[in-house]
Amino acid sequence: MTLGIADAALPSGGVAGHVLGVQMDLVVGNTVSVFKRIDAGANSGATDINQSISTGLTAGAPVEVRVVMQDSTDYSVYGTSYEIFINGASVDTGNIRFTNDSRYLIFDTAPNVGPVAYDDFSLETLDAGPPVMGYVPVVGISETNPAEVSGLSKVRLHWSTQPGRVFRPTISTNLQSWDALPGGAEPPLEIDSQHHTIQWIELEIPAAYRDKGFIRLEPVR
């Protein structure tokens, strides 16, 4: 059986199309294993995930499943975090994304299996999730390119980060007013560290900042 959440009432591919699914299966040895199912479009690896997260559970015994999600409506990034608990123990965490504002809870049983049952089901929603805990990034310069006349035309930055954190580089001449890079009519950069603890980027320095400029990172989430 699978309990999943999706952004469509009938997700393509069935259980494989769930944004996040928790599946229990009777396996060899007459024990129960728990799997997580994540659609390819919902995770940064871009492949369907069918992965064991808990094994050796007693067949026929009740299994307590709890899923905690901090939902994000920014569908351009994998901004929804989740944590899965089995019988009170945390067994898996990660980040996923939905494609729209719809959320469907789906109970699914595969053909020719069962009988299965669930009880004591509850759903709790919060107006706001807990604050995101993160380390302050440490920024450094690894390489610079001189401009034709004076100052710098390009700079290569690196900084410490955490998976799931997003930062926006900004620049200033006086440490008071800050402009988003790359500047001009282009949209500001937002760097998503999906799997990294060190992030690198090469930036073009706008002409107005080539004689003197200060760069900092603004946390987006």
# chains A, B, ... in the order shown; residues from 1 in each chain; ligands from 1
>>> closest_atom_pairs(of="region 97-116 of chain A", to="region 48-66 of chain A", cutoff="12 Å", atoms="only C-alpha atoms", output="Markdown table")
| residue | atom | partner | partner_atom | distance |
| --- | --- | --- | --- | --- |
| A:Gly114 | CA | A:Gly60 | CA | 11.0 |
| A:Pro115 | CA | A:Gly60 | CA | 10.8 |
| A:Val116 | CA | A:Gly60 | CA | 9.6 |
>>> closest_atom_pairs(of="region 29-107 of chain A", to="region 9-12 of chain A", cutoff="9 Å", atoms="only C-alpha atoms", output="tab-separated table")
residue	atom	partner	partner_atom	distance
A:Ser102	CA	A:Ala9	CA	8.8
A:Arg103	CA	A:Ala9	CA	8.4
A:Tyr104	CA	A:Ala9	CA	6.0
A:Leu105	CA	A:Ala9	CA	8.5
A:Ile106	CA	A:Ala9	CA	8.0
>>> write_last_selection(atoms="C-alpha atoms", output="compact mmCIF listing (two decimals), in the first residue's frame")
# COMPACT_ATOMS: atom_id res chain seq x y z
CA SER A 102 -3.03 21.66 -5.83
CA ARG A 103 -2.31 19.03 -3.17
CA TYR A 104 -3.99 15.60 -3.27
CA LEU A 105 -3.57 12.88 -0.63
CA ILE A 106 -3.88 9.49 -2.34
>>> closest_residue(among="A:Ile84, A:Met69, A:Val139, A:Trp159", to="Leu126 (chain A)", atoms="only C-alpha atoms")
A:Met69
>>> select_by_dssp(residues="region 68-109 of chain A", states="strand (DSSP E or B)", output="PyMOL selection string")
chain A and resi 68-70+80-86+89-96+104-108
>>> atom_distance(atom1="CA of Phe167 (chain A)", atom2="CA of Pro206 (chain A)")
19.1 Å
>>> residues_around(residues="Glu190 (chain A)", least_positions_apart="3", cutoff="10 Å", atoms="only C-alpha atoms", output="PyMOL selection string")
chain A and resi 166-169+180-181+187+193+217-220
>>> residues_around(residues="Ile215 (chain A)", least_positions_apart="6", cutoff="8 Å", atoms="only C-alpha atoms", output="PyMOL selection string")
chain A and resi 169-172
>>> residues_around(residues="region 37-47 of chain A", least_positions_apart="2", cutoff="10 Å", atoms="only C-alpha atoms", output="ChimeraX atom specification")
/A:2-6,11-23,34-35,49-52,75,77-78,80,94-99,194-195
>>> closest_residue(among="A:Gly151, A:Asp120, A:Leu26, A:Gly164", to="Tyr82 (chain A)", atoms="only C-alpha atoms")
A:Gly164
>>> select_by_dssp(residues="region 8-141 of chain A", states="helix (DSSP H, G or I)", output="list in words")
Gly14, Val15, Ala16, Gly17, Ala40, Gly41 and Ala42 of chain A
>>> write_last_selection(atoms="N, CA and C atoms", output="CSV table (one decimal), in the first residue's frame")
chain,number,residue,atom,x,y,z
A,14,GLY,N,0.6,6.6,-12.0
A,14,GLY,CA,0.1,6.1,-10.8
A,14,GLY,C,1.0,6.4,-9.6
A,15,VAL,N,1.4,5.4,-8.8
A,15,VAL,CA,2.3,5.6,-7.6
A,15,VAL,C,3.6,6.3,-8.1
A,16,ALA,N,4.1,5.9,-9.2
A,16,ALA,CA,5.4,6.5,-9.7
A,16,ALA,C,5.3,7.9,-10.0
A,17,GLY,N,4.0,8.5,-10.1
A,17,GLY,CA,3.8,9.9,-10.4
A,17,GLY,C,3.6,10.7,-9.2
A,40,ALA,N,10.1,11.7,-11.1
A,40,ALA,CA,11.3,12.3,-11.7
A,40,ALA,C,11.2,13.9,-11.8
A,41,GLY,N,10.1,14.4,-12.0
A,41,GLY,CA,9.9,15.8,-12.1
A,41,GLY,C,9.9,16.5,-10.8
A,42,ALA,N,9.8,15.8,-9.7
A,42,ALA,CA,9.7,16.4,-8.4
A,42,ALA,C,11.0,16.4,-7.6
>>> atom_distance(atom1="CA of Met24 (chain A)", atom2="CA of Glu124 (chain A)")
22.4 Å
>>> closest_residue(among="A:Gly213, A:Phe107, A:Thr31, A:Asp192", to="Ser76 (chain A)", atoms="only C-alpha atoms")
A:Asp192
>>> closest_residue(among="A:Asn100, A:Val138, A:Val28, A:Thr125", to="Gln70 (chain A)", atoms="only C-alpha atoms")
A:Thr125
>>> closest_residue(among="A:Ser177, A:Ser153, A:Gln162, A:Asn112", to="Leu203 (chain A)", atoms="only C-alpha atoms")
A:Ser153
>>> atom_distance(atom1="CA of Gly29 (chain A)", atom2="CA of Met1 (chain A)")
18.3 Å
>>> residues_around(residues="Arg210 (chain A)", least_positions_apart="2", cutoff="6 Å", atoms="only C-alpha atoms", output="ChimeraX atom specification")
/A:151-152,207-208,212
>>> decode(residues="region 6-157 of chain A", atoms="C-alpha atoms", output="compact mmCIF listing (two decimals), in the first residue's frame")
# COMPACT_ATOMS: atom_id res chain seq x y z
CA ALA A 6 0.53 14.68 -5.59
CA ASP A 7 -0.40 17.86 -7.45
CA ALA A 8 -2.91 16.02 -9.67
CA ALA A 9 -5.90 13.88 -8.71
CA LEU A 10 -4.79 11.12 -11.10
CA PRO A 11 -1.01 11.48 -11.44
CA SER A 12 0.51 10.06 -14.60
CA GLY A 13 2.18 6.75 -13.85
CA GLY A 14 0.12 6.05 -10.76
CA VAL A 15 2.26 5.64 -7.64
CA ALA A 16 5.37 6.46 -9.69
CA GLY A 17 3.84 9.87 -10.42
CA HIS A 18 3.44 10.91 -6.79
CA VAL A 19 5.43 13.95 -5.77
CA LEU A 20 6.13 11.99 -2.58
CA GLY A 21 4.85 8.56 -1.65
CA VAL A 22 5.44 6.24 1.31
CA GLN A 23 5.00 2.62 0.24
CA MET A 24 4.95 -0.52 2.40
CA ASP A 25 5.63 -3.91 0.87
CA LEU A 26 5.88 -7.48 2.15
CA VAL A 27 9.31 -8.75 1.06
CA VAL A 28 11.36 -11.94 1.17
CA GLY A 29 11.69 -13.21 4.73
CA ASN A 30 8.09 -12.30 5.60
CA THR A 31 9.04 -8.81 6.78
CA VAL A 32 7.80 -5.40 5.72
CA SER A 33 9.99 -2.78 4.05
CA VAL A 34 9.11 0.88 3.58
CA PHE A 35 10.02 2.68 0.36
CA LYS A 36 9.90 6.29 -0.70
CA ARG A 37 8.53 7.05 -4.16
CA ILE A 38 9.30 10.39 -5.84
CA ASP A 39 8.43 11.36 -9.40
CA ALA A 40 11.31 12.33 -11.71
CA GLY A 41 9.95 15.85 -12.13
CA ALA A 42 9.73 16.37 -8.38
CA ASN A 43 13.39 15.82 -7.50
CA SER A 44 16.65 17.39 -8.62
CA GLY A 45 18.01 14.07 -9.90
CA ALA A 46 15.33 14.08 -12.64
CA THR A 47 14.76 10.31 -12.34
CA ASP A 48 12.00 8.35 -10.62
CA ILE A 49 12.98 7.35 -7.07
CA ASN A 50 11.91 4.01 -5.58
CA GLN A 51 14.19 3.59 -2.57
CA SER A 52 14.02 1.54 0.61
CA ILE A 53 14.12 3.71 3.75
CA SER A 54 13.18 1.18 6.46
CA THR A 55 13.44 -2.63 6.56
CA GLY A 56 12.78 -5.59 8.84
CA LEU A 57 9.38 -4.52 10.15
CA THR A 58 7.22 -7.32 11.54
CA ALA A 59 4.62 -8.57 9.08
CA GLY A 60 1.08 -8.06 10.38
CA ALA A 61 2.12 -5.53 13.03
CA PRO A 62 0.88 -1.93 12.80
CA VAL A 63 3.30 0.58 11.27
CA GLU A 64 3.13 4.21 12.34
CA VAL A 65 3.92 6.59 9.47
CA ARG A 66 4.38 10.33 9.94
CA VAL A 67 5.36 12.77 7.21
CA VAL A 68 6.28 16.39 7.98
CA MET A 69 6.51 18.85 5.09
CA GLN A 70 7.44 22.50 4.85
CA ASP A 71 5.69 23.40 1.62
CA SER A 72 6.96 25.93 -0.91
CA THR A 73 4.95 27.53 -3.69
CA ASP A 74 8.08 28.56 -5.59
CA TYR A 75 7.87 25.91 -8.28
CA SER A 76 11.11 26.95 -10.00
CA VAL A 77 13.22 25.29 -7.28
CA TYR A 78 13.06 22.19 -5.10
CA GLY A 79 11.96 24.24 -2.13
CA THR A 80 9.58 21.86 -0.33
CA SER A 81 11.37 19.98 2.44
CA TYR A 82 10.10 16.73 3.94
CA GLU A 83 10.95 14.30 6.72
CA ILE A 84 9.55 10.76 7.05
CA PHE A 85 9.17 9.03 10.43
CA ILE A 86 8.52 5.29 10.80
CA ASN A 87 7.38 4.11 14.24
CA GLY A 88 8.60 7.38 15.71
CA ALA A 89 12.10 7.30 14.18
CA SER A 90 13.25 9.67 11.43
CA VAL A 91 14.30 7.57 8.42
CA ASP A 92 14.56 10.01 5.51
CA THR A 93 14.66 13.71 4.64
CA GLY A 94 14.98 15.64 1.40
CA ASN A 95 13.68 18.35 -0.90
CA ILE A 96 11.04 18.09 -3.62
CA ARG A 97 8.85 20.40 -5.65
CA PHE A 98 5.27 20.57 -6.86
CA THR A 99 4.18 22.11 -10.16
CA ASN A 100 1.04 23.94 -9.02
CA ASP A 101 -0.99 24.89 -5.95
CA SER A 102 -3.03 21.66 -5.83
CA ARG A 103 -2.31 19.03 -3.17
CA TYR A 104 -3.99 15.60 -3.27
CA LEU A 105 -3.57 12.88 -0.63
CA ILE A 106 -3.88 9.49 -2.34
CA PHE A 107 -4.29 6.07 -0.73
CA ASP A 108 -3.32 3.34 -3.19
CA THR A 109 -3.29 -0.45 -3.04
CA ALA A 110 -1.70 -2.46 -5.84
CA PRO A 111 -3.80 -5.13 -7.60
CA ASN A 112 -3.80 -8.64 -6.13
CA VAL A 113 -2.43 -7.60 -2.73
CA GLY A 114 -4.00 -7.09 0.65
CA PRO A 115 -6.17 -6.83 2.47
CA VAL A 116 -4.62 -3.68 3.96
CA ALA A 117 -6.08 -1.03 6.21
CA TYR A 118 -5.17 2.26 7.80
CA ASP A 119 -6.63 4.07 10.78
CA ASP A 120 -6.06 7.06 13.04
CA PHE A 121 -5.31 9.20 9.99
CA SER A 122 -4.90 12.90 10.69
CA LEU A 123 -3.72 15.98 8.81
CA GLU A 124 -2.36 19.09 10.52
CA THR A 125 -1.55 22.30 8.68
CA LEU A 126 0.35 25.30 9.99
CA ASP A 127 0.24 28.87 8.71
CA ALA A 128 4.03 29.03 8.90
CA GLY A 129 6.72 26.44 9.26
CA PRO A 130 9.64 26.52 11.66
CA PRO A 131 12.45 28.95 10.89
CA VAL A 132 15.07 27.69 8.46
CA MET A 133 18.31 27.09 10.32
CA GLY A 134 21.43 27.78 8.32
CA TYR A 135 25.05 28.73 8.73
CA VAL A 136 26.26 32.16 7.68
CA PRO A 137 28.13 31.63 4.38
CA VAL A 138 31.85 32.35 4.28
CA VAL A 139 32.69 34.10 0.99
CA GLY A 140 36.06 34.19 -0.72
CA ILE A 141 37.63 35.27 -4.02
CA SER A 142 39.59 32.67 -5.94
CA GLU A 143 40.36 34.47 -9.20
CA THR A 144 40.08 37.94 -10.75
CA ASN A 145 40.37 39.38 -14.26
CA PRO A 146 41.64 42.97 -14.68
CA ALA A 147 39.59 45.45 -16.69
CA GLU A 148 41.10 47.16 -19.75
CA VAL A 149 41.50 50.53 -17.99
CA SER A 150 41.34 49.98 -14.23
CA GLY A 151 39.74 47.82 -11.60
CA LEU A 152 38.29 44.35 -12.20
CA SER A 153 36.02 43.11 -14.97
CA LYS A 154 35.34 39.62 -13.59
CA VAL A 155 35.64 37.89 -10.26
CA ARG A 156 35.27 34.25 -9.30
CA LEU A 157 33.62 33.74 -5.92
